[in-house]
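*Asks:* Have a look at this one before I ask anything.
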There are 2 protein chains.
Amino acid sequence: MFFLGGAATAPHQKRRVSLVISGGVVVTVDRDRRILDPGSIAVDGDRIVAVDRPEMIANTFEAHESIDARGRAVMPGLINTHTHAPMVLYRGLADDLSLMEWLQKYIFPAEAKTVSPEFVRAGTRLAALEMIRSGTTTYADMYYFEEEVAAATKNAGLRAVLGQTIVQFPAPDAKSPADGLNRAEQFIQTWQRDDLISPAVAPHSMYTLDRRALLACRDLGVRYGVPVLIHLAETRDELRLSRKAHRASPTAYLESIDFWRPRTVAAHGVWVSQPDIAILKRRGVGVSHNPESNMKLASGIAPVVQLRGAGVPVGLGTDGAASNNDLDMFEAMRQASFLAKLDTRNPRTLSASEAIAMATIEGARALGMDRDLGSLEPGKKADVILVSLAAARQTPVYHVVSHLVYVTRGDDVQTTIVNGRIVMREGKVQTLQEARVLAEARTMADRVRAAVR
Amino acid sequence: MFFLGGAATAPHQKRRVSLVISGGVVVTVDRDRRILDPGSIAVDGDRIVAVDRPEMIANTFEAHESIDARGRAVMPGLINTHTHAPMVLYRGLADDLSLMEWLQKYIFPAEAKTVSPEFVRAGTRLAALEMIRSGTTTYADMYYFEEEVAAATKNAGLRAVLGQTIVQFPAPDAKSPADGLNRAEQFIQTWQRDDLISPAVAPHSMYTLDRRALLACRDLGVRYGVPVLIHLAETRDELRLSRKAHRASPTAYLESIDFWRPRTVAAHGVWVSQPDIAILKRRGVGVSHNPESNMKLASGIAPVVQLRGAGVPVGLGTDGAASNNDLDMFEAMRQASFLAKLDTRNPRTLSASEAIAMATIEGARALGMDRDLGSLEPGKKADVILVSLAAARQTPVYHVVSHLVYVTRGDDVQTTIVNGRIVMREGKVQTLQEARVLAEARTMADRVRAAVR
């Protein structure tokens with residue numbers, strides 16, 4: 001469908017733009033949480049140039065390409081603030097186990113024997129396929145061989161904040177933290193001017209790195225002005241360990257060594273106290289809330305209401321698919337809302353609208369990217385998804401925001417646009433050969449099976 | 001694909017059966033939790049006659065019709081032990097509210113102005129569509145105009161346990177409990193010999209009925225040998241109210257008036273103590289656990305581990321879609337597992353295998369129907385679903401049981417068989433005209449909108 005102009009306006013008066021998405025229920029997630037029903041969006045190149053009523057857009061712009069969004073919800077692409085993309089290849093390998101048994105009997109042996117550049121590439125492709133299909137347009141990642149993650153993500157047309165993982169013990173891609181830091185620096189230098197990939201540093205956690213390595217990670221982040229991604233206070237054991245070793249909570253310990261800097265994203269933040277929250281706020285740290293992983297691994301409930309109340313930006317994450325077991329951000333939204341309601345014994349807590357904000361603009365804020373991402377507003381990057389509302393499960397529709405959180409699944413996403421480029425159109429992924437990606441993943445899974453036999 | 005016999009066996013030696021489902025990963029949920037990979041199932045008429053390896057079934061049976069299940073999981077149809085089917089028409093009408101505000105400002109006014117036989121019929125059709133699509137083959141229901149629910153369910157080819165609701169206050173279909181009881185008795189008489197519909201009595205709860213009405217419901221159930229469905233100890237308010245009025249918990253109060261009989265299903269059971277659990281066990285009462293509704297309405301966490309540990313059969317339910325907001329039993333399984341792990345701070349609690357058992361055989365046991373339903377075994381009713389495992393989100397597959405709970409959605413169900421009849425084949429519902437059902441639901445939604453304006 002092309003907008004060729006109405007009777008009142010001649011085509012030559014219109015501005016030519018690359019893409020118009022027209023006639024959907026547009027959930028902007030802007031400051032006023034405006035919903036345009038119907039609304040249209042004009043995109044030129046990689047940016048949104050206008051969000052308005054369909055007739056206004058039709059009268060103002062002439063589109064090179066148009067997408068008819070009638071009957072669909074149109075919303076900002078979802079931002080997954082914490083995952084380990086290649087771990088999709090360990091999805092469901094072992095469940096229903098204590099964390100230690102899971103790690104020591106399954107994940108560590110599997111990783112030791114299978115993680116390679118090839119494995120990471122295949123895993124990232126599979127993860128990218130799943131994310132594009134379920135409406136994630138930006139994700140934050142920490143894993144090994146992150147240069148392979150970057151290349152595969154870029155090829156898939158996805159946006160990502162990618163952190164080369166640093167741990168104290170020998171990792172699949174680095175013998176020591178120093179080695180890891182070298183790799184991380186190279187990685188940053190390679191990718192720092194990319195349009196889709198934002199390189200980051202990912203010190204694994206305060207319990208898997210010594211003080212020196214933690215501070216070296218901080219310094220690397222500061223030197224290049226890139227984000228720092230770290231696990232924080234995920235389990236009660238971590239809290240106990242930290243108290244025993246440092247007489248302080250993980251958050252307070254990291255404060256005591258002056259680790260915290262802005263543009264740091266702390267994943268989980270389950271076991272944080274009010275003083276910890278005050279530290280995170282003062283230091284401008286963002287938090288990634290991972291409700292599904294925290295439930296499945298029985299880690300606990302992050303104090304999301306207190307964190308947000310204190311002004312800490314809290315995004316949502318899925319965690320790796322080995323512990324979730326998928327990358328569906330719609331599930332993360334629903335779970336965040338359900339869990340907060342249960343935790344506070346108040347069904348008004350964390351409304352559908354707030355869950356959507358966390359999965360979009362707040363996630364962008366946590367990553368320090370809210371100038372460009374997280375809402376549908378002129379000037380922002382064109383990361384947009386179109387979501388079907390036609391399923392029996394979604395009928396009838398009274399409030400689109402409620403439906404997006406409480407009855408929508410990742411599979412309802414039909415079209416995914418990243419940086420102005422259509423990476424999935426009506427359910428057909430444009431940037432990956434789906435059958436090949438799935439076949440490749442199955443081959444890798446055979447290796448994993450052999451490794452844990 | 002027809003099995004026309006191999007070289008070694010002549011066709012005339014084979015037993016003719018109506019249907020063979022061949023070559024899937026068969027999750028039997030029998031006593032040994034056997035998984036046949038691959039396996040086949042022979043069905044004759046409404047019953048399963050054999051579950052075995054494909055070559056055994058192929059050599060023994062000649063099928064009138066065959067379904068190729070290769071690459072799919074084949075499992076018992078799911079049993080939703082608690083819902084209010086027609087309330088799908090209020091789905092998402094109002095969320096994120098306290099229970100009282102939700103009821104008094106939205107649900108009660110909407111019900112008062114919109115519930116009619118026509119409304120209930122349209123709502124049940126929509127619910128049946130959603131249930132067939134998501135693999136539910138049996139559901140327990142309590143609502144008004146249950147005769148309309150029965151007729152629509154029967155037409156859709158679904159199995160159900162349907163209870164005419166009795167409440168103290170005037171209901172849309174009955175002025176008084178006596179009126180409701182009359183309607184309930186008529187309803188039982190009409191449907192008591194039906195193959196798909198099991199009539200039941202549904203006293204709403206101990207706080208919406210007086211002692212006399214509660215006991216009359218009990219007597220009606222006993223007289224006709226039908227199940228009794230009741231809400232029990234859903235909220236802390238109910239517990240407080242009961243303690244104040246009767247100096248006893250809801251469970252203990254109902255015990256004190258001698259209400260409990262076998263084949264009673266108590267929905268929710270959130271606020272039950274150990275002595276309450278002992279009562280439920282002694283009285284042979286089943287419980288319906290509704291984890292999503294309990295989280296979304298912030299009701300609390302049912303002590304599922306203690307209930308099951310005491311030997312109380314605990315099935316899963318979605319509750320009505322006005323408070324969930326869907327009827328997806330795969331979500332209910334996942335949520336039951338996640339919630340129990342979190343509650344017990346133990347990731348080993350309520351494994352995927354246990355979640356599947358709750359959604360099938362334990363649900364059947366709670367409803368007193370486990371002789372006929374809940375597992376794939378010779379002699380049982382042929383209620384079977386075929387589930388795709390092909391999505392990116394489900395790749396790779398290490399353990400089918402893990403995948404069915406942790407990464408599968410209702411939408412992955414491809415084929416649904418109830419009582420030996422294929423009600424959905426490869427995503428196409430055979431018993432309902434989908435477009436018409438959805439259009440009808442939208443028309444009803446317009447009336448709801450007008451009613452709560």
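Chain lettering (A, B, ...) mirrors the order of the structure tokens, residue numbering begins at 1 for each chain separately, and ligand numbering begins at 1 in order of display.
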Would you kindly return, as a ChimeraX atom specification, each protein, DNA or RNA residue with an atom no farther than 8 Å from any atom of region 332-345 of chain A, considering only C-alpha atoms and excluding same-chain residues fewer than 2 positions away?
*Replies:* /A:289-292,301,304-305,316-318,328-330,347-352,355-356,358-359,405-406 /B:292,294-300
*Asks:* Using C-alpha atoms, can you write the selected residues to a file as a PDB file, in the first residue's frame?
*Replies:*
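Produced file out.pdb, reproduced below:
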ATOM      1  CA  HIS A 289      15.368  -7.750  36.515  1.00  0.00           C
ATOM      2  CA  ASN A 290      15.074 -11.401  35.463  1.00  0.00           C
ATOM      3  CA  PRO A 291      11.876 -12.693  37.063  1.00  0.00           C
ATOM      4  CA  GLU A 292      11.666 -16.030  35.238  1.00  0.00           C
ATOM      5  CA  ILE A 301      12.364 -11.934  44.402  1.00  0.00           C
ATOM      6  CA  VAL A 304      11.653  -4.109  41.979  1.00  0.00           C
ATOM      7  CA  VAL A 305       9.188  -1.691  43.562  1.00  0.00           C
ATOM      8  CA  LEU A 316      13.846  -6.656  32.099  1.00  0.00           C
ATOM      9  CA  GLY A 317      15.938  -9.626  31.074  1.00  0.00           C
ATOM     10  CA  THR A 318      15.403 -13.275  30.275  1.00  0.00           C
ATOM     11  CA  ASP A 328      10.611 -14.350  25.174  1.00  0.00           C
ATOM     12  CA  MET A 329      10.391 -10.816  26.578  1.00  0.00           C
ATOM     13  CA  PHE A 330       6.581 -10.941  26.591  1.00  0.00           C
ATOM     14  CA  PRO A 347      -2.782  -6.506  42.392  1.00  0.00           C
ATOM     15  CA  ARG A 348      -2.245  -2.858  41.463  1.00  0.00           C
ATOM     16  CA  THR A 349       1.540  -3.188  41.648  1.00  0.00           C
ATOM     17  CA  LEU A 350       3.507  -3.135  38.383  1.00  0.00           C
ATOM     18  CA  SER A 351       0.662  -2.580  35.952  1.00  0.00           C
ATOM     19  CA  ALA A 352       0.738  -3.741  32.355  1.00  0.00           C
ATOM     20  CA  ALA A 355       5.789  -3.757  32.534  1.00  0.00           C
ATOM     21  CA  ILE A 356       5.886  -2.462  28.962  1.00  0.00           C
ATOM     22  CA  MET A 358      10.410  -1.717  31.812  1.00  0.00           C
ATOM     23  CA  ALA A 359      10.806  -3.845  28.673  1.00  0.00           C
ATOM     24  CA  VAL A 405       1.325  -8.038  28.724  1.00  0.00           C
ATOM     25  CA  TYR A 406      -1.286 -10.519  29.905  1.00  0.00           C
TER      26      TYR A 406
ATOM     27  CA  GLU B 292      -1.521 -17.405  37.485  1.00  0.00           C
ATOM     28  CA  ASN B 294      -3.324 -16.241  42.442  1.00  0.00           C
ATOM     29  CA  MET B 295      -0.331 -14.164  41.344  1.00  0.00           C
ATOM     30  CA  LYS B 296      -2.204 -11.663  39.187  1.00  0.00           C
ATOM     31  CA  LEU B 297      -4.818 -10.989  41.878  1.00  0.00           C
ATOM     32  CA  ALA B 298      -2.105 -11.118  44.556  1.00  0.00           C
ATOM     33  CA  SER B 299      -4.067 -13.757  46.460  1.00  0.00           C
ATOM     34  CA  GLY B 300      -1.027 -15.665  47.721  1.00  0.00           C
TER      35      GLY B 300
END
*Asks:* Tell me which protein, DNA and RNA residues are within 8 Å of region 306-311 of chain A, counting only C-alpha atoms, leaving out same-chain ones fewer than 6 positions away, and put them as an MDAnalysis selection string.
*Replies:* chainID A and resid 274 277:278 281
*Asks:* Write out, as a compact mmCIF listing (two decimals), in the first residue's frame, the residues just selected, with C-alpha atoms.
*Replies:*
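again-v9.txt, written as the output of this step:
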# COMPACT_ATOMS: atom_id res chain seq x y z
CA GLN A 274 17.69 -0.37 51.09
CA ILE A 277 19.59 0.48 46.57
CA ALA A 278 20.74 3.91 47.71
CA LYS A 281 20.87 5.12 42.74
*Asks:* Between A:Phe119, A:Tyr90, A:Phe259, A:Phe169, which is the closest to chain B once you count only C-alpha atoms?
*Replies:*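 Looking at the shortest contact to chain B, the residue is A:Tyr90.
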*Asks:* Contacts of Ser402 (chain A) at 8 Å or less, counting only C-alpha atoms, minus same-chain residues fewer than 2 places along, as a PyMOL selection string?
*Replies:* (chain A and resi 352-353+399-400+404-407) or (chain B and resi 92+95)
*Asks:* Convert the current residue selection to file output with N, CA, C and O atoms, as a compact mmCIF listing (two decimals), in the first residue's frame.
*Replies:*
# COMPACT_ATOMS: atom_id res chain seq x y z
N ALA A 352 0.33 -3.36 33.71
CA ALA A 352 0.74 -3.74 32.35
C ALA A 352 1.54 -2.61 31.71
O ALA A 352 2.56 -2.85 31.05
N SER A 353 1.10 -1.39 31.91
CA SER A 353 1.79 -0.24 31.33
C SER A 353 3.22 -0.12 31.87
O SER A 353 4.17 0.16 31.12
N HIS A 399 -8.37 -3.32 26.06
CA HIS A 399 -7.22 -2.42 26.28
C HIS A 399 -5.98 -3.08 25.70
O HIS A 399 -5.57 -4.15 26.17
N VAL A 400 -5.40 -2.44 24.73
CA VAL A 400 -4.27 -3.07 24.03
C VAL A 400 -3.09 -3.29 24.97
O VAL A 400 -2.40 -4.31 24.89
N LEU A 404 -1.11 -6.79 25.57
CA LEU A 404 0.31 -6.98 25.23
C LEU A 404 1.05 -7.68 26.37
O LEU A 404 1.99 -8.43 26.13
N VAL A 405 0.63 -7.43 27.59
CA VAL A 405 1.32 -8.04 28.72
C VAL A 405 0.67 -9.35 29.17
O VAL A 405 1.36 -10.34 29.40
N TYR A 406 -0.65 -9.38 29.25
CA TYR A 406 -1.29 -10.52 29.90
C TYR A 406 -1.70 -11.65 28.98
O TYR A 406 -1.96 -12.75 29.45
N VAL A 407 -1.82 -11.42 27.67
CA VAL A 407 -2.21 -12.54 26.80
C VAL A 407 -1.38 -12.66 25.52
O VAL A 407 -1.68 -13.52 24.69
N GLY B 92 -9.40 -8.92 30.06
CA GLY B 92 -8.70 -7.65 29.93
C GLY B 92 -9.60 -6.42 30.05
O GLY B 92 -9.17 -5.30 29.78
N ASP B 95 -7.81 -4.61 34.64
CA ASP B 95 -6.70 -5.30 35.30
C ASP B 95 -6.05 -4.35 36.30
O ASP B 95 -6.39 -3.17 36.34
*Asks:* If we count only C-alpha atoms, what is near Ile67 (chain B) at a cut-off of 7 Å, once residues fewer than 6 positions away on the same chain are taken out, given as a list in words?
*Replies:* Val20, Ile21 and Ser22 of chain B
*Asks:* Which residues are close to Thr264 (chain A), i.e. within 9 Å by only C-alpha atoms, leaving aside same-chain residues fewer than 4 positions away? Reply as a list in words.
*Replies:* Gly221, Val226, Pro227, Val228, Leu229, Ile230, Trp260, Arg283, Gly284, Val285, Gly286, Val287, Ala366, Leu367 and Gly368 of chain A
*Asks:* Write a file of the just-selected residues containing C-alpha atoms, as a compact mmCIF listing (two decimals), in the first residue's frame.
*Replies:*
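Okay, this is what ended up in result.txt:
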# COMPACT_ATOMS: atom_id res chain seq x y z
CA GLY A 221 34.85 0.70 30.64
CA VAL A 226 31.43 1.76 27.17
CA PRO A 227 28.92 0.02 29.44
CA VAL A 228 29.96 -2.42 32.13
CA LEU A 229 27.77 -5.50 32.64
CA ILE A 230 27.96 -7.52 35.84
CA TRP A 260 30.51 1.53 40.47
CA ARG A 283 26.10 5.74 41.38
CA GLY A 284 23.70 5.84 38.44
CA VAL A 285 23.72 2.05 38.06
CA GLY A 286 20.97 0.33 36.08
CA VAL A 287 19.44 -3.00 37.09
CA ALA A 366 19.45 1.13 32.30
CA LEU A 367 21.78 0.68 29.31
CA GLY A 368 22.26 4.44 28.92
*Asks:* Region 70-76 of chain B: which residues within 8 Å, counting only C-alpha atoms, same-chain residues fewer than 5 positions away excluded, as a PyMOL selection string?
*Replies:* chain B and resi 22-29+38+360+374-376+383-390+400
*Asks:* Region 215-391 of chain A: which residues are alpha helix (DSSP H) by DSSP, as a PyMOL selection string?
*Replies:* chain A and resi 215-224+236-246+250-256+274-282+291-296+304-309+329-344+352-357+363-366
*Asks:* Among region 196-387 of chain B, which ones does DSSP place in strand (DSSP E), written as an NGL selection string?
*Replies:* :B and (197-203 or 228-232 or 264-268 or 286-289 or 314-316 or 384-387)
*Asks:* To one decimal place, how far is CA of Gly320 (chain B) from CA of Pro86 (chain B) in Å?
*Replies:* 8.0 Å
*Asks:* Report, in Å with one decimal, the straight-line distance from CA of Tyr143 (chain A) to CA of Ala364 (chain A).
*Replies:* 20.5 Å
